[in-house]
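For reference, the structure is listed below as structure tokens.
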Amino acid sequence: MSSTYISAELRRSVAIRADWLCEYCLIQEDDTYFGCEVDHIISEKHGGLTVPENLAYACAFCNRSKGSDIGSITSAGRFCRFFNPRIELWASHFRLEGLLIVPSTDVGEVTVRLLQLNHEERLLERQTLQQISRYPSVQALRHISE
């Protein structure tokens with residue numbers, strides 16, 4: 001299945017709405033090697049539409065890890081959907097403890113695990129950015145404290 005074309009105007013509006021941050025790991029686009037991409041929260045494969053309400057801004061690592069998945073199995077064995085930045089606040093499902101993105105709900109748990117938000121390479125990325133005062137950014141702090 002081919003993806004629907006996303007216009008430059010729509011891409012820009014998604015990026016602006018996200019403060020140029022990955023809406024999952026909260027890294028600034030300028031601090032990513034591969035930049036950020038527009039992500040279908042519910043993939044087209046699952047009936048998701050290419051409309052602003054179903055689009056998120058995601059760094060390449062988060063977007064590739066998420067793929068077309070819409071959720072996963074919790075540690076308790078129940079299916080749970082992923083975090084949806086269009087209808088939920090980041091701080092409702094996660095908290096930042098040092099470099100770790102710690103889940104506080106089942107939604108947070110499956111999102112952290114499947115997007116590999118605390119993989120050693122992601123932690124190293126955040127540590128490097130933290131050492132030069134780039135993580136968490138002022139924009140990211142707003143999401144963390146909401």
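Chains: A, B, ... in order of the structure tokens. Residues: from 1 per chain. Ligands: from 1, in order shown.
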- request: Report the residues of chain A whose backbone DSSP state falls under strand (DSSP E), written as a PyMOL selection string.
  value: chain A and resi 36-40+55-59+71-73+79-81+94-97+100-103
Out of chain A, which residues get helix (DSSP H, G or I) from DSSP, as a PDB file with N, CA and C atoms, in the first residue's frame?
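File produced: states_24.pdb:
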ATOM      1  N   ALA A   8       3.685  20.021   1.451  1.00  0.00           N
ATOM      2  CA  ALA A   8       4.655  20.789   2.232  1.00  0.00           C
ATOM      3  C   ALA A   8       3.945  21.664   3.253  1.00  0.00           C
ATOM      4  N   GLU A   9       2.811  22.209   2.873  1.00  0.00           N
ATOM      5  CA  GLU A   9       2.033  23.056   3.788  1.00  0.00           C
ATOM      6  C   GLU A   9       1.553  22.257   5.000  1.00  0.00           C
ATOM      7  N   LEU A  10       1.035  21.042   4.757  1.00  0.00           N
ATOM      8  CA  LEU A  10       0.569  20.204   5.864  1.00  0.00           C
ATOM      9  C   LEU A  10       1.741  19.771   6.738  1.00  0.00           C
ATOM     10  N   ARG A  11       2.868  19.393   6.129  1.00  0.00           N
ATOM     11  CA  ARG A  11       4.062  19.017   6.898  1.00  0.00           C
ATOM     12  C   ARG A  11       4.489  20.162   7.812  1.00  0.00           C
ATOM     13  N   ARG A  12       4.493  21.362   7.250  1.00  0.00           N
ATOM     14  CA  ARG A  12       4.916  22.531   8.020  1.00  0.00           C
ATOM     15  C   ARG A  12       3.947  22.798   9.181  1.00  0.00           C
ATOM     16  N   SER A  13       2.661  22.673   8.944  1.00  0.00           N
ATOM     17  CA  SER A  13       1.694  22.930  10.023  1.00  0.00           C
ATOM     18  C   SER A  13       1.824  21.889  11.136  1.00  0.00           C
ATOM     19  N   VAL A  14       2.107  20.632  10.785  1.00  0.00           N
ATOM     20  CA  VAL A  14       2.319  19.587  11.795  1.00  0.00           C
ATOM     21  C   VAL A  14       3.573  19.910  12.610  1.00  0.00           C
ATOM     22  N   ALA A  15       4.639  20.333  11.943  1.00  0.00           N
ATOM     23  CA  ALA A  15       5.893  20.667  12.625  1.00  0.00           C
ATOM     24  C   ALA A  15       5.719  21.861  13.558  1.00  0.00           C
ATOM     25  N   ILE A  16       5.026  22.876  13.092  1.00  0.00           N
ATOM     26  CA  ILE A  16       4.800  24.073  13.917  1.00  0.00           C
ATOM     27  C   ILE A  16       3.969  23.718  15.150  1.00  0.00           C
ATOM     28  N   ARG A  17       2.906  22.944  14.934  1.00  0.00           N
ATOM     29  CA  ARG A  17       2.050  22.534  16.051  1.00  0.00           C
ATOM     30  C   ARG A  17       2.862  21.773  17.099  1.00  0.00           C
ATOM     31  N   GLU A  29      13.976  18.801  16.425  1.00  0.00           N
ATOM     32  CA  GLU A  29      14.355  18.360  15.081  1.00  0.00           C
ATOM     33  C   GLU A  29      15.787  18.754  14.745  1.00  0.00           C
ATOM     34  N   ASP A  30      16.215  19.936  15.135  1.00  0.00           N
ATOM     35  CA  ASP A  30      17.583  20.392  14.835  1.00  0.00           C
ATOM     36  C   ASP A  30      18.647  19.509  15.479  1.00  0.00           C
ATOM     37  N   ASP A  31      18.272  18.744  16.478  1.00  0.00           N
ATOM     38  CA  ASP A  31      19.224  17.900  17.191  1.00  0.00           C
ATOM     39  C   ASP A  31      19.221  16.455  16.710  1.00  0.00           C
ATOM     40  N   GLU A  44      -2.293   4.369   7.788  1.00  0.00           N
ATOM     41  CA  GLU A  44      -3.253   4.203   6.692  1.00  0.00           C
ATOM     42  C   GLU A  44      -3.649   2.737   6.555  1.00  0.00           C
ATOM     43  N   LYS A  45      -2.717   1.852   6.829  1.00  0.00           N
ATOM     44  CA  LYS A  45      -2.969   0.410   6.777  1.00  0.00           C
ATOM     45  C   LYS A  45      -4.117   0.006   7.692  1.00  0.00           C
ATOM     46  N   HIS A  46      -4.294   0.756   8.785  1.00  0.00           N
ATOM     47  CA  HIS A  46      -5.357   0.470   9.748  1.00  0.00           C
ATOM     48  C   HIS A  46      -6.540   1.417   9.593  1.00  0.00           C
ATOM     49  N   PRO A  52      -4.908  16.431   9.764  1.00  0.00           N
ATOM     50  CA  PRO A  52      -4.125  16.943  10.886  1.00  0.00           C
ATOM     51  C   PRO A  52      -4.375  16.215  12.206  1.00  0.00           C
ATOM     52  N   GLU A  53      -5.604  15.788  12.456  1.00  0.00           N
ATOM     53  CA  GLU A  53      -5.951  15.116  13.715  1.00  0.00           C
ATOM     54  C   GLU A  53      -5.326  13.729  13.849  1.00  0.00           C
ATOM     55  N   ASN A  54      -4.781  13.191  12.759  1.00  0.00           N
ATOM     56  CA  ASN A  54      -4.163  11.872  12.796  1.00  0.00           C
ATOM     57  C   ASN A  54      -2.672  11.932  12.474  1.00  0.00           C
ATOM     58  N   ALA A  60      13.090  10.321  13.207  1.00  0.00           N
ATOM     59  CA  ALA A  60      13.206   9.112  12.388  1.00  0.00           C
ATOM     60  C   ALA A  60      13.271   7.848  13.246  1.00  0.00           C
ATOM     61  N   PHE A  61      13.960   7.906  14.390  1.00  0.00           N
ATOM     62  CA  PHE A  61      14.073   6.716  15.239  1.00  0.00           C
ATOM     63  C   PHE A  61      12.718   6.298  15.813  1.00  0.00           C
ATOM     64  N   CYS A  62      11.970   7.258  16.327  1.00  0.00           N
ATOM     65  CA  CYS A  62      10.645   6.920  16.868  1.00  0.00           C
ATOM     66  C   CYS A  62       9.719   6.438  15.766  1.00  0.00           C
ATOM     67  N   ASN A  63       9.730   7.121  14.638  1.00  0.00           N
ATOM     68  CA  ASN A  63       8.833   6.758  13.541  1.00  0.00           C
ATOM     69  C   ASN A  63       9.154   5.366  12.997  1.00  0.00           C
ATOM     70  N   ARG A  64      10.420   5.049  12.847  1.00  0.00           N
ATOM     71  CA  ARG A  64      10.804   3.725  12.332  1.00  0.00           C
ATOM     72  C   ARG A  64      10.457   2.637  13.345  1.00  0.00           C
ATOM     73  N   SER A  65      10.646   2.921  14.616  1.00  0.00           N
ATOM     74  CA  SER A  65      10.318   1.921  15.642  1.00  0.00           C
ATOM     75  C   SER A  65       8.823   1.677  15.715  1.00  0.00           C
ATOM     76  N   LYS A  66       8.038   2.729  15.554  1.00  0.00           N
ATOM     77  CA  LYS A  66       6.583   2.607  15.619  1.00  0.00           C
ATOM     78  C   LYS A  66       6.034   1.892  14.392  1.00  0.00           C
ATOM     79  N   TRP A  90       1.608  14.593  27.015  1.00  0.00           N
ATOM     80  CA  TRP A  90       2.783  13.749  27.228  1.00  0.00           C
ATOM     81  C   TRP A  90       2.922  13.433  28.719  1.00  0.00           C
ATOM     82  N   ALA A  91       2.776  14.455  29.539  1.00  0.00           N
ATOM     83  CA  ALA A  91       2.974  14.299  30.986  1.00  0.00           C
ATOM     84  C   ALA A  91       1.940  13.383  31.644  1.00  0.00           C
ATOM     85  N   SER A  92       0.866  13.064  30.954  1.00  0.00           N
ATOM     86  CA  SER A  92      -0.126  12.136  31.513  1.00  0.00           C
ATOM     87  C   SER A  92       0.335  10.688  31.452  1.00  0.00           C
ATOM     88  N   ASP A 106      -0.217   2.336  31.304  1.00  0.00           N
ATOM     89  CA  ASP A 106      -0.054   1.261  30.317  1.00  0.00           C
ATOM     90  C   ASP A 106       0.261   1.833  28.934  1.00  0.00           C
ATOM     91  N   VAL A 107      -0.392   2.929  28.576  1.00  0.00           N
ATOM     92  CA  VAL A 107      -0.124   3.589  27.291  1.00  0.00           C
ATOM     93  C   VAL A 107       1.353   3.988  27.232  1.00  0.00           C
ATOM     94  N   GLY A 108       1.843   4.574  28.312  1.00  0.00           N
ATOM     95  CA  GLY A 108       3.255   4.945  28.377  1.00  0.00           C
ATOM     96  C   GLY A 108       4.171   3.734  28.287  1.00  0.00           C
ATOM     97  N   GLU A 109       3.794   2.661  28.979  1.00  0.00           N
ATOM     98  CA  GLU A 109       4.617   1.442  28.977  1.00  0.00           C
ATOM     99  C   GLU A 109       4.817   0.894  27.572  1.00  0.00           C
ATOM    100  N   VAL A 110       3.731   0.716  26.837  1.00  0.00           N
ATOM    101  CA  VAL A 110       3.881   0.119  25.509  1.00  0.00           C
ATOM    102  C   VAL A 110       4.569   1.082  24.544  1.00  0.00           C
ATOM    103  N   THR A 111       4.345   2.374  24.726  1.00  0.00           N
ATOM    104  CA  THR A 111       4.988   3.356  23.856  1.00  0.00           C
ATOM    105  C   THR A 111       6.494   3.385  24.097  1.00  0.00           C
ATOM    106  N   VAL A 112       6.907   3.422  25.363  1.00  0.00           N
ATOM    107  CA  VAL A 112       8.335   3.438  25.692  1.00  0.00           C
ATOM    108  C   VAL A 112       9.014   2.180  25.158  1.00  0.00           C
ATOM    109  N   ARG A 113       8.383   1.031  25.354  1.00  0.00           N
ATOM    110  CA  ARG A 113       9.003  -0.228  24.934  1.00  0.00           C
ATOM    111  C   ARG A 113       9.106  -0.338  23.419  1.00  0.00           C
ATOM    112  N   LEU A 114       7.995  -0.127  22.712  1.00  0.00           N
ATOM    113  CA  LEU A 114       8.004  -0.324  21.268  1.00  0.00           C
ATOM    114  C   LEU A 114       8.800   0.739  20.519  1.00  0.00           C
ATOM    115  N   GLU A 120      19.868   2.055  24.795  1.00  0.00           N
ATOM    116  CA  GLU A 120      21.139   2.678  25.183  1.00  0.00           C
ATOM    117  C   GLU A 120      21.589   3.761  24.200  1.00  0.00           C
ATOM    118  N   GLU A 121      21.319   3.595  22.923  1.00  0.00           N
ATOM    119  CA  GLU A 121      21.705   4.631  21.954  1.00  0.00           C
ATOM    120  C   GLU A 121      20.869   5.896  22.114  1.00  0.00           C
ATOM    121  N   ARG A 122      19.584   5.721  22.459  1.00  0.00           N
ATOM    122  CA  ARG A 122      18.725   6.883  22.692  1.00  0.00           C
ATOM    123  C   ARG A 122      19.148   7.614  23.969  1.00  0.00           C
ATOM    124  N   LEU A 123      19.548   6.854  24.998  1.00  0.00           N
ATOM    125  CA  LEU A 123      20.028   7.463  26.239  1.00  0.00           C
ATOM    126  C   LEU A 123      21.330   8.231  25.989  1.00  0.00           C
ATOM    127  N   LEU A 124      22.204   7.663  25.190  1.00  0.00           N
ATOM    128  CA  LEU A 124      23.460   8.335  24.850  1.00  0.00           C
ATOM    129  C   LEU A 124      23.174   9.632  24.076  1.00  0.00           C
ATOM    130  N   GLU A 125      22.213   9.562  23.171  1.00  0.00           N
ATOM    131  CA  GLU A 125      21.810  10.750  22.415  1.00  0.00           C
ATOM    132  C   GLU A 125      21.332  11.849  23.371  1.00  0.00           C
ATOM    133  N   ARG A 126      20.453  11.509  24.305  1.00  0.00           N
ATOM    134  CA  ARG A 126      19.947  12.491  25.260  1.00  0.00           C
ATOM    135  C   ARG A 126      21.048  12.983  26.196  1.00  0.00           C
ATOM    136  N   GLN A 127      21.953  12.087  26.607  1.00  0.00           N
ATOM    137  CA  GLN A 127      23.052  12.496  27.471  1.00  0.00           C
ATOM    138  C   GLN A 127      23.946  13.516  26.769  1.00  0.00           C
ATOM    139  N   THR A 128      24.270  13.246  25.532  1.00  0.00           N
ATOM    140  CA  THR A 128      25.105  14.170  24.760  1.00  0.00           C
ATOM    141  C   THR A 128      24.429  15.525  24.629  1.00  0.00           C
ATOM    142  N   LEU A 129      23.133  15.508  24.325  1.00  0.00           N
ATOM    143  CA  LEU A 129      22.393  16.767  24.197  1.00  0.00           C
ATOM    144  C   LEU A 129      22.262  17.473  25.541  1.00  0.00           C
ATOM    145  N   GLN A 130      22.089  16.709  26.614  1.00  0.00           N
ATOM    146  CA  GLN A 130      21.982  17.301  27.945  1.00  0.00           C
ATOM    147  C   GLN A 130      23.293  18.000  28.332  1.00  0.00           C
ATOM    148  N   GLN A 131      24.416  17.410  27.953  1.00  0.00           N
ATOM    149  CA  GLN A 131      25.725  17.994  28.282  1.00  0.00           C
ATOM    150  C   GLN A 131      25.934  19.352  27.619  1.00  0.00           C
ATOM    151  N   VAL A 138      13.537  24.045  26.040  1.00  0.00           N
ATOM    152  CA  VAL A 138      12.467  24.850  26.637  1.00  0.00           C
ATOM    153  C   VAL A 138      11.109  24.344  26.137  1.00  0.00           C
ATOM    154  N   GLN A 139      11.019  24.038  24.845  1.00  0.00           N
ATOM    155  CA  GLN A 139       9.766  23.528  24.286  1.00  0.00           C
ATOM    156  C   GLN A 139       9.414  22.173  24.909  1.00  0.00           C
ATOM    157  N   ALA A 140      10.408  21.308  25.066  1.00  0.00           N
ATOM    158  CA  ALA A 140      10.165  19.994  25.660  1.00  0.00           C
ATOM    159  C   ALA A 140       9.721  20.125  27.121  1.00  0.00           C
ATOM    160  N   LEU A 141      10.310  21.054  27.842  1.00  0.00           N
ATOM    161  CA  LEU A 141       9.937  21.252  29.247  1.00  0.00           C
ATOM    162  C   LEU A 141       8.469  21.614  29.402  1.00  0.00           C
ATOM    163  N   ARG A 142       7.919  22.321  28.433  1.00  0.00           N
ATOM    164  CA  ARG A 142       6.485  22.650  28.482  1.00  0.00           C
ATOM    165  C   ARG A 142       5.649  21.365  28.428  1.00  0.00           C
ATOM    166  N   HIS A 143       6.039  20.423  27.581  1.00  0.00           N
ATOM    167  CA  HIS A 143       5.305  19.154  27.467  1.00  0.00           C
ATOM    168  C   HIS A 143       5.487  18.303  28.727  1.00  0.00           C
ATOM    169  N   ILE A 144       6.682  18.334  29.282  1.00  0.00           N
ATOM    170  CA  ILE A 144       6.995  17.538  30.459  1.00  0.00           C
ATOM    171  C   ILE A 144       6.203  18.028  31.673  1.00  0.00           C
ATOM    172  N   SER A 145       5.978  19.331  31.754  1.00  0.00           N
ATOM    173  CA  SER A 145       5.344  19.884  32.943  1.00  0.00           C
ATOM    174  C   SER A 145       3.852  20.140  32.794  1.00  0.00           C
TER     175      SER A 145
END
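Closest approach to Leu100 in chain A from the set A:Glu88, A:Pro136, A:Ser7, A:Ser68 is made by A:Pro136, with distances taken over only C-alpha atoms.
Omitting Arg86 in chain A and its sequence neighbours fewer than 3 positions away, and counting only C-alpha atoms, the residues within 12 Å are Val14, Arg17, Ala18, Glu23, Tyr24, Asp39, His40, Ile41, Ile42, Val51, Pro52, Glu53, Asn54, Leu55, Ala56, Tyr57, Phe82, Phe83, Leu89 and Trp90 of chain A.
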Store the residues picked out above, limited to N, CA and C atoms, as a compact mmCIF listing (two decimals), in the first residue's frame.
# COMPACT_ATOMS: atom_id res chain seq x y z
N VAL A 14 2.11 20.63 10.78
CA VAL A 14 2.32 19.59 11.79
C VAL A 14 3.57 19.91 12.61
N ARG A 17 2.91 22.94 14.93
CA ARG A 17 2.05 22.53 16.05
C ARG A 17 2.86 21.77 17.10
N ALA A 18 3.85 21.01 16.66
CA ALA A 18 4.69 20.20 17.56
C ALA A 18 5.88 20.99 18.13
N GLU A 23 7.15 14.34 18.90
CA GLU A 23 6.09 14.33 19.90
C GLU A 23 6.12 13.10 20.80
N TYR A 24 7.04 12.18 20.53
CA TYR A 24 7.18 10.99 21.37
C TYR A 24 8.36 11.11 22.34
N ASP A 39 4.15 11.53 10.96
CA ASP A 39 3.75 10.16 11.29
C ASP A 39 2.23 10.07 11.33
N HIS A 40 1.68 9.03 10.71
CA HIS A 40 0.26 8.73 10.87
C HIS A 40 0.12 8.03 12.22
N ILE A 41 -0.59 8.63 13.14
CA ILE A 41 -0.77 8.03 14.47
C ILE A 41 -1.46 6.68 14.31
N ILE A 42 -2.58 6.66 13.61
CA ILE A 42 -3.19 5.41 13.17
C ILE A 42 -2.81 5.29 11.70
N VAL A 51 -5.05 13.43 7.79
CA VAL A 51 -5.69 14.66 8.26
C VAL A 51 -4.91 15.13 9.49
N PRO A 52 -4.91 16.43 9.76
CA PRO A 52 -4.12 16.94 10.89
C PRO A 52 -4.38 16.22 12.21
N GLU A 53 -5.60 15.79 12.46
CA GLU A 53 -5.95 15.12 13.71
C GLU A 53 -5.33 13.73 13.85
N ASN A 54 -4.78 13.19 12.76
CA ASN A 54 -4.16 11.87 12.80
C ASN A 54 -2.67 11.93 12.47
N LEU A 55 -2.09 13.11 12.54
CA LEU A 55 -0.68 13.25 12.20
C LEU A 55 0.10 13.78 13.39
N ALA A 56 1.29 13.22 13.56
CA ALA A 56 2.21 13.65 14.61
C ALA A 56 3.56 13.91 13.97
N TYR A 57 4.39 14.65 14.67
CA TYR A 57 5.75 14.90 14.23
C TYR A 57 6.64 13.95 15.00
N PHE A 82 -1.00 2.88 21.62
CA PHE A 82 0.10 3.80 21.85
C PHE A 82 -0.39 5.17 22.29
N PHE A 83 0.53 5.97 22.77
CA PHE A 83 0.30 7.37 23.10
C PHE A 83 -0.13 8.13 21.84
N LEU A 89 -1.92 14.51 26.77
CA LEU A 89 -0.71 15.23 27.16
C LEU A 89 0.41 14.24 27.43
N TRP A 90 1.61 14.59 27.01
CA TRP A 90 2.78 13.75 27.23
C TRP A 90 2.92 13.43 28.72
- line: CA of Thr50 in chain A sits from CA of Thr4 in chain A at a separation of 6.9 Å
Distance criterion (only C-alpha atoms): nearest to Leu21 in chain A out of A:Gly77, A:Glu97, A:Ser137, A:Ser72: A:Ser137
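Across A:Tyr33, A:Val38, A:Asn118, A:Glu146, the tightest approach to Tyr5 in chain A is made by A:Val38 when counting only C-alpha atoms.
What separates CA of Gln116 in chain A from CA of Val102 in chain A is a distance of 11.7 Å.
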